[in-house]
file final-v1.txt (compact mmCIF, C-alpha atoms)
# COMPACT_ATOMS: atom_id res chain seq x y z
CA MET G 1 -191.67 -39.03 -80.33
CA THR G 2 -190.20 -40.59 -77.25
CA ALA G 3 -191.89 -43.71 -75.97
CA LYS G 4 -192.87 -43.81 -72.33
CA THR G 5 -192.37 -46.05 -69.33
CA GLY G 6 -194.54 -46.48 -66.29
CA LEU G 7 -191.88 -45.14 -63.90
CA THR G 8 -189.75 -42.02 -64.21
CA SER G 9 -186.58 -43.69 -62.94
CA LEU G 10 -183.42 -42.85 -64.86
CA ASN G 11 -182.81 -46.51 -65.74
CA ASN G 12 -186.23 -46.99 -67.28
CA LEU G 13 -186.07 -43.72 -69.19
CA LYS G 14 -182.74 -44.79 -70.64
CA LEU G 15 -184.25 -48.17 -71.55
CA ALA G 16 -187.05 -46.41 -73.42
CA GLN G 17 -184.54 -44.21 -75.24
CA ARG G 18 -182.47 -47.20 -76.33
CA LEU G 19 -185.54 -49.06 -77.60
CA ASP G 20 -186.82 -45.92 -79.35
CA HIS G 21 -183.47 -45.57 -81.10
CA MET G 22 -183.52 -49.20 -82.22
CA PHE G 23 -187.04 -49.08 -83.64
CA ARG G 24 -186.47 -45.75 -85.40
CA LYS G 25 -183.34 -47.21 -86.96
CA TYR G 26 -185.34 -50.19 -88.26
CA GLU G 27 -187.95 -47.83 -89.68
CA GLN G 28 -185.35 -45.63 -91.36
CA LYS G 29 -183.85 -48.68 -93.04
CA GLY G 30 -187.28 -49.62 -94.36
CA ILE G 31 -187.07 -53.10 -92.87
CA GLY G 32 -189.51 -55.47 -94.60
CA VAL G 33 -191.03 -52.95 -97.03
CA PRO G 34 -190.27 -52.12 -100.67
CA LYS G 35 -188.00 -49.18 -101.44
CA GLY G 36 -189.82 -45.87 -101.24
CA HIS G 37 -192.27 -47.03 -98.57
CA ALA G 38 -192.17 -46.35 -94.85
CA ALA G 39 -191.92 -49.17 -92.34
CA GLU G 40 -194.43 -48.89 -89.50
CA ILE G 41 -193.22 -50.79 -86.44
CA GLN G 42 -195.21 -51.08 -83.23
CA ALA G 43 -194.07 -52.40 -79.88
CA ARG G 44 -195.41 -52.69 -76.35
CA ILE G 45 -193.77 -54.03 -73.18
CA CYS G 46 -195.51 -54.28 -69.84
CA SER G 47 -193.63 -55.57 -66.80
CA PRO G 48 -195.22 -54.42 -63.52
CA ALA G 49 -192.47 -56.07 -61.48
CA LEU G 50 -189.85 -53.98 -63.29
CA GLY G 51 -191.99 -50.85 -63.42
CA ILE G 52 -191.93 -50.85 -67.22
CA ASP G 53 -194.83 -49.83 -69.44
CA TYR G 54 -193.25 -49.09 -72.81
CA ARG G 55 -194.84 -48.33 -76.16
CA PHE G 56 -193.57 -47.43 -79.59
CA PRO G 57 -194.71 -45.14 -81.08
CA ASP G 58 -196.63 -42.96 -78.64
CA THR G 59 -199.84 -43.54 -80.59
CA ALA G 60 -200.45 -46.67 -82.63
CA GLY G 61 -203.36 -47.74 -84.78
CA PRO G 62 -204.94 -51.12 -85.53
CA TYR G 63 -203.20 -53.81 -87.57
CA HIS G 64 -203.87 -57.31 -88.85
CA ILE G 65 -202.45 -59.72 -86.25
CA ALA G 66 -202.18 -62.78 -88.56
CA SER G 67 -201.76 -66.11 -86.75
CA ILE G 68 -201.75 -64.50 -83.32
CA GLY G 69 -205.48 -64.95 -83.91
CA LYS G 70 -205.02 -68.67 -83.26
CA LEU G 71 -204.67 -67.77 -79.58
CA PHE G 72 -208.22 -66.40 -79.69
CA THR G 73 -209.54 -69.55 -81.39
CA MET G 74 -207.79 -71.67 -78.78
CA THR G 75 -209.27 -69.50 -76.03
CA ILE G 76 -212.84 -70.00 -77.26
CA ILE G 77 -212.22 -73.78 -77.43
CA GLY G 78 -210.85 -73.61 -73.86
CA MET G 79 -213.94 -71.74 -72.69
CA LEU G 80 -216.23 -74.34 -74.25
CA ALA G 81 -214.16 -77.07 -72.60
CA ASP G 82 -214.43 -75.35 -69.21
CA GLN G 83 -218.20 -75.21 -69.68
CA GLY G 84 -218.32 -78.94 -70.39
CA ARG G 85 -219.67 -78.35 -73.89
CA ILE G 86 -216.69 -79.95 -75.60
CA GLY G 87 -213.72 -82.07 -74.60
CA LEU G 88 -210.19 -81.52 -75.83
CA ASN G 89 -209.97 -85.24 -76.59
CA ASP G 90 -213.38 -85.43 -78.28
CA ARG G 91 -213.39 -86.81 -81.80
CA ILE G 92 -214.42 -84.03 -84.15
CA ALA G 93 -216.46 -86.39 -86.34
CA ALA G 94 -219.11 -86.37 -83.60
CA TYR G 95 -219.79 -82.69 -84.34
CA PHE G 96 -219.67 -82.60 -88.14
CA GLU G 97 -222.25 -83.92 -90.56
CA GLN G 98 -221.43 -86.89 -92.74
CA GLY G 99 -219.41 -85.75 -95.73
CA GLU G 100 -218.11 -82.49 -94.24
CA LEU G 101 -214.78 -84.12 -93.38
CA ARG G 102 -214.66 -86.21 -96.56
CA GLY G 103 -211.21 -86.42 -98.11
CA LEU G 104 -209.50 -84.14 -95.61
CA PHE G 105 -207.80 -86.91 -93.64
CA LEU G 106 -207.35 -89.48 -96.39
CA HIS G 107 -203.87 -91.01 -96.27
CA GLN G 108 -202.65 -93.95 -98.32
CA GLY G 109 -206.18 -95.07 -99.06
CA ARG G 110 -207.49 -94.87 -95.50
CA ASP G 111 -209.77 -92.12 -94.17
CA TYR G 112 -208.72 -91.14 -90.63
CA ALA G 113 -211.47 -88.55 -90.07
CA SER G 114 -213.08 -90.60 -87.30
CA ASP G 115 -209.78 -90.64 -85.34
CA VAL G 116 -209.13 -86.89 -85.30
CA THR G 117 -209.60 -85.10 -81.97
CA VAL G 118 -209.94 -81.45 -80.98
CA SER G 119 -206.44 -81.61 -79.52
CA HIS G 120 -205.06 -82.89 -82.83
CA LEU G 121 -206.38 -79.79 -84.58
CA LEU G 122 -205.16 -77.43 -81.86
CA SER G 123 -201.67 -78.93 -81.90
CA HIS G 124 -201.38 -79.27 -85.70
CA THR G 125 -201.00 -83.04 -85.45
CA SER G 126 -204.21 -84.08 -87.24
CA GLY G 127 -202.42 -84.73 -90.53
CA ILE G 128 -204.62 -82.31 -92.49
CA GLY G 129 -202.98 -80.21 -95.20
CA ASP G 130 -202.34 -76.48 -94.89
CA TYR G 131 -204.19 -74.44 -97.50
CA PHE G 132 -202.13 -71.31 -96.93
CA GLU G 133 -198.56 -72.55 -97.36
CA GLY G 134 -198.82 -76.29 -97.99
CA PRO G 135 -197.94 -78.04 -101.27
CA VAL G 136 -200.68 -78.57 -103.85
CA THR G 137 -201.37 -81.48 -106.17
CA SER G 138 -202.32 -79.20 -109.06
CA GLY G 139 -202.48 -75.53 -109.98
CA ARG G 140 -200.79 -72.68 -108.19
CA PRO G 141 -200.26 -72.45 -104.42
CA PHE G 142 -203.03 -70.75 -102.47
CA ALA G 143 -200.90 -67.76 -101.40
CA ASP G 144 -200.48 -66.73 -105.04
CA SER G 145 -204.22 -66.18 -105.37
CA ILE G 146 -204.16 -63.52 -102.65
CA LEU G 147 -202.23 -61.29 -105.04
CA SER G 148 -203.82 -62.41 -108.31
CA ASP G 149 -207.50 -62.61 -107.28
CA THR G 150 -207.57 -59.56 -105.06
CA GLU G 151 -211.34 -58.94 -105.11
CA ARG G 152 -212.35 -62.42 -104.01
CA LEU G 153 -214.08 -62.80 -100.66
CA TRP G 154 -213.18 -66.17 -99.20
CA HIS G 155 -215.71 -68.16 -97.20
CA PRO G 156 -214.43 -70.72 -94.65
CA SER G 157 -215.95 -73.51 -96.74
CA ASP G 158 -213.84 -72.35 -99.72
CA LEU G 159 -210.68 -72.79 -97.66
CA ILE G 160 -211.69 -76.30 -96.59
CA ALA G 161 -212.55 -77.16 -100.20
CA PHE G 162 -209.09 -76.03 -101.36
CA THR G 163 -207.43 -78.55 -99.05
CA ARG G 164 -209.91 -81.29 -99.94
CA GLU G 165 -209.51 -80.85 -103.68
CA ARG G 166 -205.87 -79.87 -104.09
CA GLN G 167 -203.88 -81.15 -101.13
CA ARG G 168 -203.06 -84.42 -99.44
CA SER G 169 -202.98 -85.42 -95.79
CA ALA G 170 -199.51 -85.64 -94.29
CA GLY G 171 -200.27 -88.81 -92.32
CA PRO G 172 -202.42 -90.41 -89.63
CA PRO G 173 -203.51 -88.15 -86.75
CA GLY G 174 -201.08 -87.91 -83.87
CA LYS G 175 -198.11 -89.21 -85.84
CA GLN G 176 -196.45 -85.98 -86.95
CA TYR G 177 -196.56 -82.21 -86.61
CA LEU G 178 -197.64 -80.12 -89.62
CA TYR G 179 -198.67 -76.51 -89.07
CA SER G 180 -202.09 -76.17 -90.68
CA ASP G 181 -204.34 -73.17 -91.14
CA THR G 182 -206.95 -75.55 -92.53
CA GLY G 183 -207.11 -77.26 -89.14
CA TYR G 184 -207.91 -73.94 -87.50
CA ILE G 185 -210.67 -73.22 -90.01
CA LEU G 186 -212.18 -76.54 -88.93
CA LEU G 187 -211.87 -75.40 -85.31
CA GLY G 188 -213.79 -72.23 -86.18
CA GLN G 189 -216.53 -74.31 -87.76
CA LEU G 190 -216.51 -76.62 -84.74
CA ILE G 191 -216.95 -73.62 -82.43
CA GLU G 192 -219.99 -72.52 -84.42
CA LYS G 193 -221.53 -76.00 -84.30
CA VAL G 194 -221.05 -76.36 -80.54
CA SER G 195 -222.06 -72.80 -79.59
CA GLY G 196 -224.77 -72.16 -82.19
CA SER G 197 -223.28 -68.69 -82.75
CA PRO G 198 -221.15 -67.22 -85.54
CA TYR G 199 -217.47 -67.34 -84.73
CA GLY G 200 -217.07 -63.57 -84.96
CA SER G 201 -220.05 -62.90 -82.71
CA LEU G 202 -218.70 -65.32 -80.12
CA LEU G 203 -215.32 -63.58 -80.14
CA ARG G 204 -217.05 -60.30 -79.47
CA THR G 205 -219.40 -61.45 -76.70
CA GLN G 206 -216.94 -63.77 -74.93
CA ILE G 207 -213.62 -61.91 -75.30
CA PHE G 208 -213.73 -58.48 -76.95
CA GLU G 209 -216.59 -56.95 -74.96
CA PRO G 210 -215.78 -58.42 -71.50
CA LEU G 211 -212.16 -57.25 -71.83
CA GLU G 212 -213.17 -53.94 -73.45
CA LEU G 213 -211.01 -54.57 -76.51
CA ARG G 214 -212.66 -51.68 -78.29
CA ASP G 215 -210.45 -51.65 -81.38
CA THR G 216 -210.40 -55.42 -81.96
CA TYR G 217 -212.61 -57.22 -84.47
CA LEU G 218 -212.77 -60.12 -86.91
CA MET G 219 -212.08 -58.53 -90.28
CA PHE G 220 -214.86 -58.89 -92.90
CA HIS G 221 -217.21 -60.35 -90.26
CA THR G 222 -217.63 -57.93 -87.34
CA GLU G 223 -216.99 -54.29 -86.48
CA PRO G 224 -214.99 -52.90 -83.54
CA MET G 225 -216.78 -51.21 -80.65
CA ASN G 226 -214.96 -48.01 -81.58
CA VAL G 227 -216.55 -47.02 -84.87
CA PRO G 228 -215.88 -46.11 -87.55
CA ALA G 229 -212.88 -48.37 -87.77
CA PRO G 230 -209.82 -46.55 -89.15
CA PRO G 231 -207.78 -48.12 -91.96
CA ILE G 232 -205.40 -50.78 -90.70
CA SER G 233 -201.63 -50.41 -90.93
CA PRO G 234 -199.94 -51.60 -94.12
CA LEU G 235 -199.64 -55.37 -94.32
CA TRP G 236 -196.77 -56.38 -96.59
CA PHE G 237 -196.99 -59.84 -98.16
CA LYS G 238 -194.62 -60.81 -100.96
CA ARG G 239 -193.68 -57.12 -101.15
CA ARG G 240 -197.24 -55.91 -101.72
CA ASP G 241 -199.51 -54.13 -99.29
CA ILE G 242 -202.57 -56.36 -98.98
CA SER G 243 -204.23 -54.45 -96.12
CA GLY G 244 -207.03 -53.18 -98.36
CA LEU G 245 -207.63 -56.29 -100.46
CA ASN G 246 -210.76 -58.42 -100.23
CA SER G 247 -208.54 -61.49 -100.60
CA LEU G 248 -207.28 -60.85 -97.06
CA SER G 249 -210.55 -62.55 -96.09
CA CYS G 250 -208.67 -65.86 -96.42
CA ASP G 251 -207.90 -66.08 -92.69
CA TRP G 252 -211.01 -66.20 -90.47
CA SER G 253 -210.40 -68.44 -87.41
CA GLY G 254 -206.83 -69.09 -88.53
CA GLY G 255 -205.86 -65.47 -87.97
CA GLY G 256 -208.27 -62.89 -89.37
CA ILE G 257 -208.38 -60.53 -86.39
CA VAL G 258 -207.48 -56.83 -86.38
CA SER G 259 -206.27 -55.39 -83.08
CA THR G 260 -203.89 -52.92 -81.43
CA THR G 261 -200.88 -53.34 -79.19
CA ASP G 262 -202.89 -52.05 -76.22
CA ASP G 263 -205.79 -54.47 -76.84
CA LEU G 264 -203.41 -57.40 -77.32
CA LEU G 265 -201.67 -56.53 -74.07
CA THR G 266 -205.02 -56.59 -72.28
CA PHE G 267 -205.89 -59.94 -73.86
CA SER G 268 -202.51 -61.44 -72.93
CA LYS G 269 -202.89 -60.32 -69.31
CA ALA G 270 -206.35 -61.87 -69.11
CA LEU G 271 -205.35 -65.12 -70.79
CA HIS G 272 -202.26 -65.77 -68.69
CA GLY G 273 -203.91 -64.35 -65.59
CA GLY G 274 -206.58 -67.05 -65.62
CA LYS G 275 -209.46 -64.69 -66.42
CA LEU G 276 -210.52 -66.41 -69.65
CA ILE G 277 -209.92 -70.13 -69.21
CA ALA G 278 -209.36 -72.23 -66.12
CA PRO G 279 -205.76 -72.66 -64.90
CA SER G 280 -206.07 -76.44 -65.34
CA THR G 281 -207.07 -75.98 -68.98
CA LEU G 282 -204.30 -73.45 -69.55
CA GLN G 283 -201.83 -75.95 -68.08
CA GLN G 284 -202.82 -78.50 -70.73
CA ILE G 285 -202.45 -75.90 -73.46
CA ALA G 286 -199.08 -74.64 -72.20
CA ALA G 287 -197.19 -77.88 -72.70
CA PHE G 288 -194.99 -77.65 -75.79
CA PRO G 289 -193.93 -81.06 -77.13
CA TYR G 290 -193.91 -80.23 -80.85
CA ARG G 291 -191.12 -78.49 -82.74
CA PHE G 292 -192.41 -75.78 -85.08
CA ARG G 293 -189.04 -74.31 -86.06
CA PRO G 294 -185.60 -74.30 -84.40
CA GLY G 295 -186.15 -72.59 -81.07
CA ILE G 296 -189.95 -72.49 -81.43
CA TYR G 297 -192.22 -75.18 -79.97
CA TYR G 298 -195.96 -75.73 -80.10
CA GLY G 299 -198.64 -76.87 -77.67
CA LEU G 300 -202.43 -76.69 -78.02
CA GLY G 301 -202.75 -73.41 -79.89
CA MET G 302 -199.80 -71.69 -78.21
CA MET G 303 -196.09 -71.35 -79.03
CA GLU G 304 -193.05 -71.27 -76.78
CA ILE G 305 -189.87 -69.42 -77.76
CA ARG G 306 -186.72 -71.16 -76.55
CA PHE G 307 -183.96 -68.68 -77.27
CA GLU G 308 -181.14 -71.20 -76.87
CA GLY G 309 -182.55 -72.98 -79.93
CA LEU G 310 -182.21 -69.79 -81.94
CA PHE G 311 -178.59 -69.22 -80.91
CA PHE G 312 -176.59 -71.13 -78.31
CA LEU G 313 -175.29 -67.98 -76.60
CA LEU G 314 -178.88 -67.11 -75.67
CA ARG G 315 -179.02 -70.02 -73.24
CA GLY G 316 -180.52 -68.86 -69.96
CA TYR G 317 -182.98 -66.45 -71.53
CA PRO G 318 -186.57 -66.94 -70.31
CA ARG G 319 -188.99 -68.99 -72.36
CA LEU G 320 -191.79 -66.92 -73.83
CA ARG G 321 -195.34 -68.18 -74.38
CA GLY G 322 -197.67 -66.79 -77.03
CA HIS G 323 -197.82 -66.84 -80.81
CA LEU G 324 -196.30 -65.49 -84.01
CA GLY G 325 -197.89 -64.23 -87.20
CA ILE G 326 -196.38 -64.61 -90.68
CA THR G 327 -196.10 -60.83 -91.04
CA ALA G 328 -193.65 -60.61 -88.13
CA ALA G 329 -196.38 -60.09 -85.57
CA HIS G 330 -195.53 -61.21 -82.02
CA LEU G 331 -197.44 -61.67 -78.77
CA HIS G 332 -195.41 -63.17 -75.91
CA TYR G 333 -195.54 -63.66 -72.17
CA ASP G 334 -192.70 -64.45 -69.76
CA PRO G 335 -194.25 -66.21 -66.74
CA ALA G 336 -191.02 -65.95 -64.77
CA SER G 337 -191.12 -62.13 -64.65
CA ASP G 338 -194.81 -61.56 -65.49
CA THR G 339 -193.79 -59.61 -68.60
CA HIS G 340 -195.92 -59.16 -71.72
CA ILE G 341 -194.44 -58.24 -75.11
CA VAL G 342 -196.30 -57.14 -78.24
CA LEU G 343 -194.39 -56.48 -81.45
CA ASN G 344 -195.41 -55.91 -85.05
CA PHE G 345 -193.26 -55.29 -88.13
CA GLY G 346 -196.18 -55.85 -90.53
CA SER G 347 -194.24 -57.70 -93.22
CA ASP G 348 -193.53 -61.32 -94.11
CA ALA G 349 -190.04 -60.17 -95.12
CA ALA G 350 -189.26 -58.91 -91.61
CA MET G 351 -189.42 -62.06 -89.49
CA ARG G 352 -185.67 -62.28 -88.91
CA PRO G 353 -185.28 -58.58 -88.04
CA SER G 354 -188.29 -58.87 -85.74
CA PHE G 355 -186.56 -61.66 -83.83
CA ASN G 356 -183.41 -59.56 -83.63
CA ALA G 357 -185.56 -56.82 -82.11
CA LEU G 358 -187.18 -59.31 -79.73
CA ILE G 359 -183.77 -60.48 -78.54
CA ALA G 360 -182.68 -56.85 -78.04
CA MET G 361 -185.85 -56.22 -76.03
CA MET G 362 -185.08 -59.26 -73.87
CA ASN G 363 -181.54 -57.96 -73.33
CA GLU G 364 -182.94 -54.67 -72.10
CA LEU G 365 -185.35 -56.45 -69.77
CA ARG G 366 -182.52 -58.56 -68.36
CA LYS G 367 -180.51 -55.39 -67.70
CA ALA G 368 -183.50 -53.80 -66.00
CA GLN G 369 -183.99 -56.90 -63.89
CA THR G 370 -180.38 -56.98 -62.70
CA SER G 371 -180.52 -53.26 -61.85
CA GLN G 372 -183.54 -53.72 -59.58
CA PRO G 373 -182.65 -53.06 -55.93
CA SER G 374 -182.44 -56.22 -53.86
CA LYS G 375 -185.19 -56.75 -51.34
call {"tool": "encode", "arguments": {"input": "final-v1.txt", "output": "structure tokens"}}
result
Amino acid sequence: MTAKTGLTSLNNLKLAQRLDHMFRKYEQKGIGVPKGHAAEIQARICSPALGIDYRFPDTAGPYHIASIGKLFTMTIIGMLADQGRIGLNDRIAAYFEQGELRGLFLHQGRDYASDVTVSHLLSHTSGIGDYFEGPVTSGRPFADSILSDTERLWHPSDLIAFTRERQRSAGPPGKQYLYSDTGYILLGQLIEKVSGSPYGSLLRTQIFEPLELRDTYLMFHTEPMNVPAPPISPLWFKRRDISGLNSLSCDWSGGGIVSTTDDLLTFSKALHGGKLIAPSTLQQIAAFPYRFRPGIYYGLGMMEIRFEGLFFLLRGYPRLRGHLGITAAHLHYDPASDTHIVLNFGSDAAMRPSFNALIAMMNELRKAQTSQPSK
């Protein structure tokens, strides 16, 4: 099927054809999936200024968005901050009962739990370990259990306990950057303590329903507004499809949301359009002082892609704000051109090809921008 653009201009139709060809080629090569399985790639570009509204394929179903979900957690924190119910610089110990933070921030014999702030957790600078990919002091890494203990349903407290019992803090809060899913589980618990509502219910009443994200839900905890929910797209992790496993419950507020490219586009427009959190709060979030990877920087729950850090010849490309997921899921926004990009390869083995596709998409957008008639 041929993907569509918002305008019928020859240039935009050719752009759609070139992108269609690229994505079909990736699918035919089986990028990110084991031999004998079909790759299912989804993409969405919306740029009103350029008259582009592109999707691939024509119809696309729901998929697990992985750590893009951290944007939703950050948004709920921002809403609570705007309401004066929490401060970004509040110490989290004021909200947790004695013992709940025990051992999580212990470094070289000192417990730093009383020094950790909300911003430390949002920015991954609290020092807390990362249950999902961090080193362990004993036993096998957490990620192995997803494939070996497939029927287990993980509770948020189980994830916190894993870090407490089998990991060490990386250092005092504010001293270094360490990406931590455990920190975002704590943020989910913090949201529940401040709001008095389950995290999933709050997502639905504060974000999903107001924005009419009818196919978006917190997996294992809530249902979408459009019911019954269809099966999600394959989710390849260590070359196995984990989309139907109970062990996928290991995400929660660190990235346990299922959505669609259309719903994520709507969310991105609302977030960056100031409809969810105040512009002043968004300004604090959208500062990116911490280096996540070469070319990728982190703020308070949001990433920034700096293409020149990926490859020097990409200098001059716009900086994109949003988030990545480990399974090559992307949600980005270019404030310079008011362009939103959603991309999903659905495999942890496809991150590099997904970035190649993202760069190709940016090339096409730059061509479209230069071909716009001057005003």
call {"tool": "closest_residue", "arguments": {"input": "final-v1.txt", "among": "G:Ala270, G:Ala328, G:Ile65, G:Ile76", "to": "Ile257 (chain G)", "atoms": "all atoms listed in the file"}}
result
G:Ile65
call {"tool": "closest_residue", "arguments": {"input": "final-v1.txt", "among": "G:Phe105, G:Ala113, G:Glu223, G:Gly200", "to": "Ser169 (chain G)", "atoms": "only C-alpha atoms"}}
result
G:Phe105
call {"tool": "residues_around", "arguments": {"input": "final-v1.txt", "residues": "Ala368 (chain G)", "least_positions_apart": "5", "cutoff": "8 Å", "atoms": "all atoms listed in the file", "output": "number ranges by chain"}}
result
G: 11-12, 15, 50
call {"tool": "residues_around", "arguments": {"input": "final-v1.txt", "residues": "Ala349 (chain G)", "least_positions_apart": "5", "cutoff": "10 Å", "atoms": "only C-alpha atoms", "output": "list in words"}}
result
Ile31, Gly32, Val33, Pro34, Trp236, Phe237, Lys238, Arg239, Ile326, Thr327, Ala328 and Ser354 of chain G
call {"tool": "write_last_selection", "arguments": {"input": "final-v1.txt", "atoms": "C-alpha atoms", "output": "JSON list (two decimals), in the coordinates of the input"}}
result
[["chain", "number", "residue", "atom", "x", "y", "z"],
["G", 31, "ILE", "CA", -187.07, -53.10, -92.87],
["G", 32, "GLY", "CA", -189.51, -55.47, -94.60],
["G", 33, "VAL", "CA", -191.03, -52.95, -97.03],
["G", 34, "PRO", "CA", -190.27, -52.12, -100.67],
["G", 236, "TRP", "CA", -196.77, -56.38, -96.59],
["G", 237, "PHE", "CA", -196.99, -59.84, -98.16],
["G", 238, "LYS", "CA", -194.62, -60.81, -100.96],
["G", 239, "ARG", "CA", -193.68, -57.12, -101.15],
["G", 326, "ILE", "CA", -196.38, -64.61, -90.68],
["G", 327, "THR", "CA", -196.10, -60.83, -91.04],
["G", 328, "ALA", "CA", -193.65, -60.61, -88.13],
["G", 354, "SER", "CA", -188.29, -58.87, -85.74]]
call {"tool": "closest_residue", "arguments": {"input": "final-v1.txt", "among": "G:Arg204, G:Arg110, G:Arg293, G:Arg166", "to": "Tyr179 (chain G)", "atoms": "all atoms listed in the file"}}
result
G:Arg293
call {"tool": "atom_distance", "arguments": {"input": "final-v1.txt", "atom1": "CA of Ala43 (chain G)", "atom2": "CA of Gly299 (chain G)"}}
result
25.0 Å
call {"tool": "closest_residue", "arguments": {"input": "final-v1.txt", "among": "G:Leu264, G:Val258, G:Val116, G:Leu314", "to": "Pro62 (chain G)", "atoms": "only C-alpha atoms"}}
result
G:Val258
call {"tool": "atom_distance", "arguments": {"input": "final-v1.txt", "atom1": "CA of Thr266 (chain G)", "atom2": "CA of Gly325 (chain G)"}}
result
18.2 Å
call {"tool": "atom_distance", "arguments": {"input": "final-v1.txt", "atom1": "CA of Ile359 (chain G)", "atom2": "CA of Leu276 (chain G)"}}
result
28.8 Å
call {"tool": "closest_residue", "arguments": {"input": "final-v1.txt", "among": "G:Met219, G:His155, G:Ser123, G:Thr261", "to": "Asp58 (chain G)", "atoms": "all atoms listed in the file"}}
result
G:Thr261
call {"tool": "closest_residue", "arguments": {"input": "final-v1.txt", "among": "G:Ala66, G:Ala94, G:Ala336, G:Leu147", "to": "Leu218 (chain G)", "atoms": "only C-alpha atoms"}}
result
G:Ala66
call {"tool": "axis_aligned_box", "arguments": {"input": "final-v1.txt", "around": "region 179-188 of chain G", "padding_each_side": "8 Å", "output": "lines of an AutoDock Vina configuration file"}}
result
center_x = -206.2
center_y = -74.7
center_z = -88.9
size_x = 31.1
size_y = 21.0
size_z = 23.2
call {"tool": "build_atoms", "arguments": {"input": "final-v1.txt", "residues": "region 214-225 of chain G", "atoms": "N, CA and C atoms", "output": "PDB file, keeping the file's coordinate frame"}}
result
ATOM      1  N   ARG G 214    -211.759 -52.502 -77.482  1.00  0.00           N
ATOM      2  CA  ARG G 214    -212.660 -51.680 -78.290  1.00  0.00           C
ATOM      3  C   ARG G 214    -212.209 -51.499 -79.734  1.00  0.00           C
ATOM      4  N   ASP G 215    -210.955 -51.807 -80.015  1.00  0.00           N
ATOM      5  CA  ASP G 215    -210.450 -51.650 -81.380  1.00  0.00           C
ATOM      6  C   ASP G 215    -210.151 -53.005 -82.046  1.00  0.00           C
ATOM      7  N   THR G 216    -210.674 -54.072 -81.468  1.00  0.00           N
ATOM      8  CA  THR G 216    -210.400 -55.420 -81.960  1.00  0.00           C
ATOM      9  C   THR G 216    -211.650 -55.998 -82.608  1.00  0.00           C
ATOM     10  N   TYR G 217    -211.470 -56.648 -83.759  1.00  0.00           N
ATOM     11  CA  TYR G 217    -212.610 -57.220 -84.470  1.00  0.00           C
ATOM     12  C   TYR G 217    -212.130 -58.284 -85.455  1.00  0.00           C
ATOM     13  N   LEU G 218    -213.062 -59.104 -85.908  1.00  0.00           N
ATOM     14  CA  LEU G 218    -212.770 -60.120 -86.910  1.00  0.00           C
ATOM     15  C   LEU G 218    -213.033 -59.503 -88.279  1.00  0.00           C
ATOM     16  N   MET G 219    -211.981 -59.254 -89.015  1.00  0.00           N
ATOM     17  CA  MET G 219    -212.080 -58.530 -90.280  1.00  0.00           C
ATOM     18  C   MET G 219    -213.040 -59.225 -91.241  1.00  0.00           C
ATOM     19  N   PHE G 220    -213.852 -58.442 -91.929  1.00  0.00           N
ATOM     20  CA  PHE G 220    -214.860 -58.890 -92.900  1.00  0.00           C
ATOM     21  C   PHE G 220    -216.091 -59.521 -92.242  1.00  0.00           C
ATOM     22  N   HIS G 221    -216.091 -59.675 -90.920  1.00  0.00           N
ATOM     23  CA  HIS G 221    -217.210 -60.350 -90.260  1.00  0.00           C
ATOM     24  C   HIS G 221    -217.847 -59.541 -89.148  1.00  0.00           C
ATOM     25  N   THR G 222    -217.079 -58.750 -88.418  1.00  0.00           N
ATOM     26  CA  THR G 222    -217.630 -57.930 -87.340  1.00  0.00           C
ATOM     27  C   THR G 222    -216.997 -56.544 -87.392  1.00  0.00           C
ATOM     28  N   GLU G 223    -217.532 -55.634 -86.590  1.00  0.00           N
ATOM     29  CA  GLU G 223    -216.990 -54.290 -86.480  1.00  0.00           C
ATOM     30  C   GLU G 223    -216.450 -54.088 -85.062  1.00  0.00           C
ATOM     31  N   PRO G 224    -215.469 -53.187 -84.894  1.00  0.00           N
ATOM     32  CA  PRO G 224    -214.990 -52.900 -83.540  1.00  0.00           C
ATOM     33  C   PRO G 224    -216.030 -52.088 -82.770  1.00  0.00           C
ATOM     34  N   MET G 225    -215.887 -52.044 -81.464  1.00  0.00           N
ATOM     35  CA  MET G 225    -216.780 -51.210 -80.650  1.00  0.00           C
ATOM     36  C   MET G 225    -216.533 -49.735 -80.915  1.00  0.00           C
TER      37      MET G 225
END
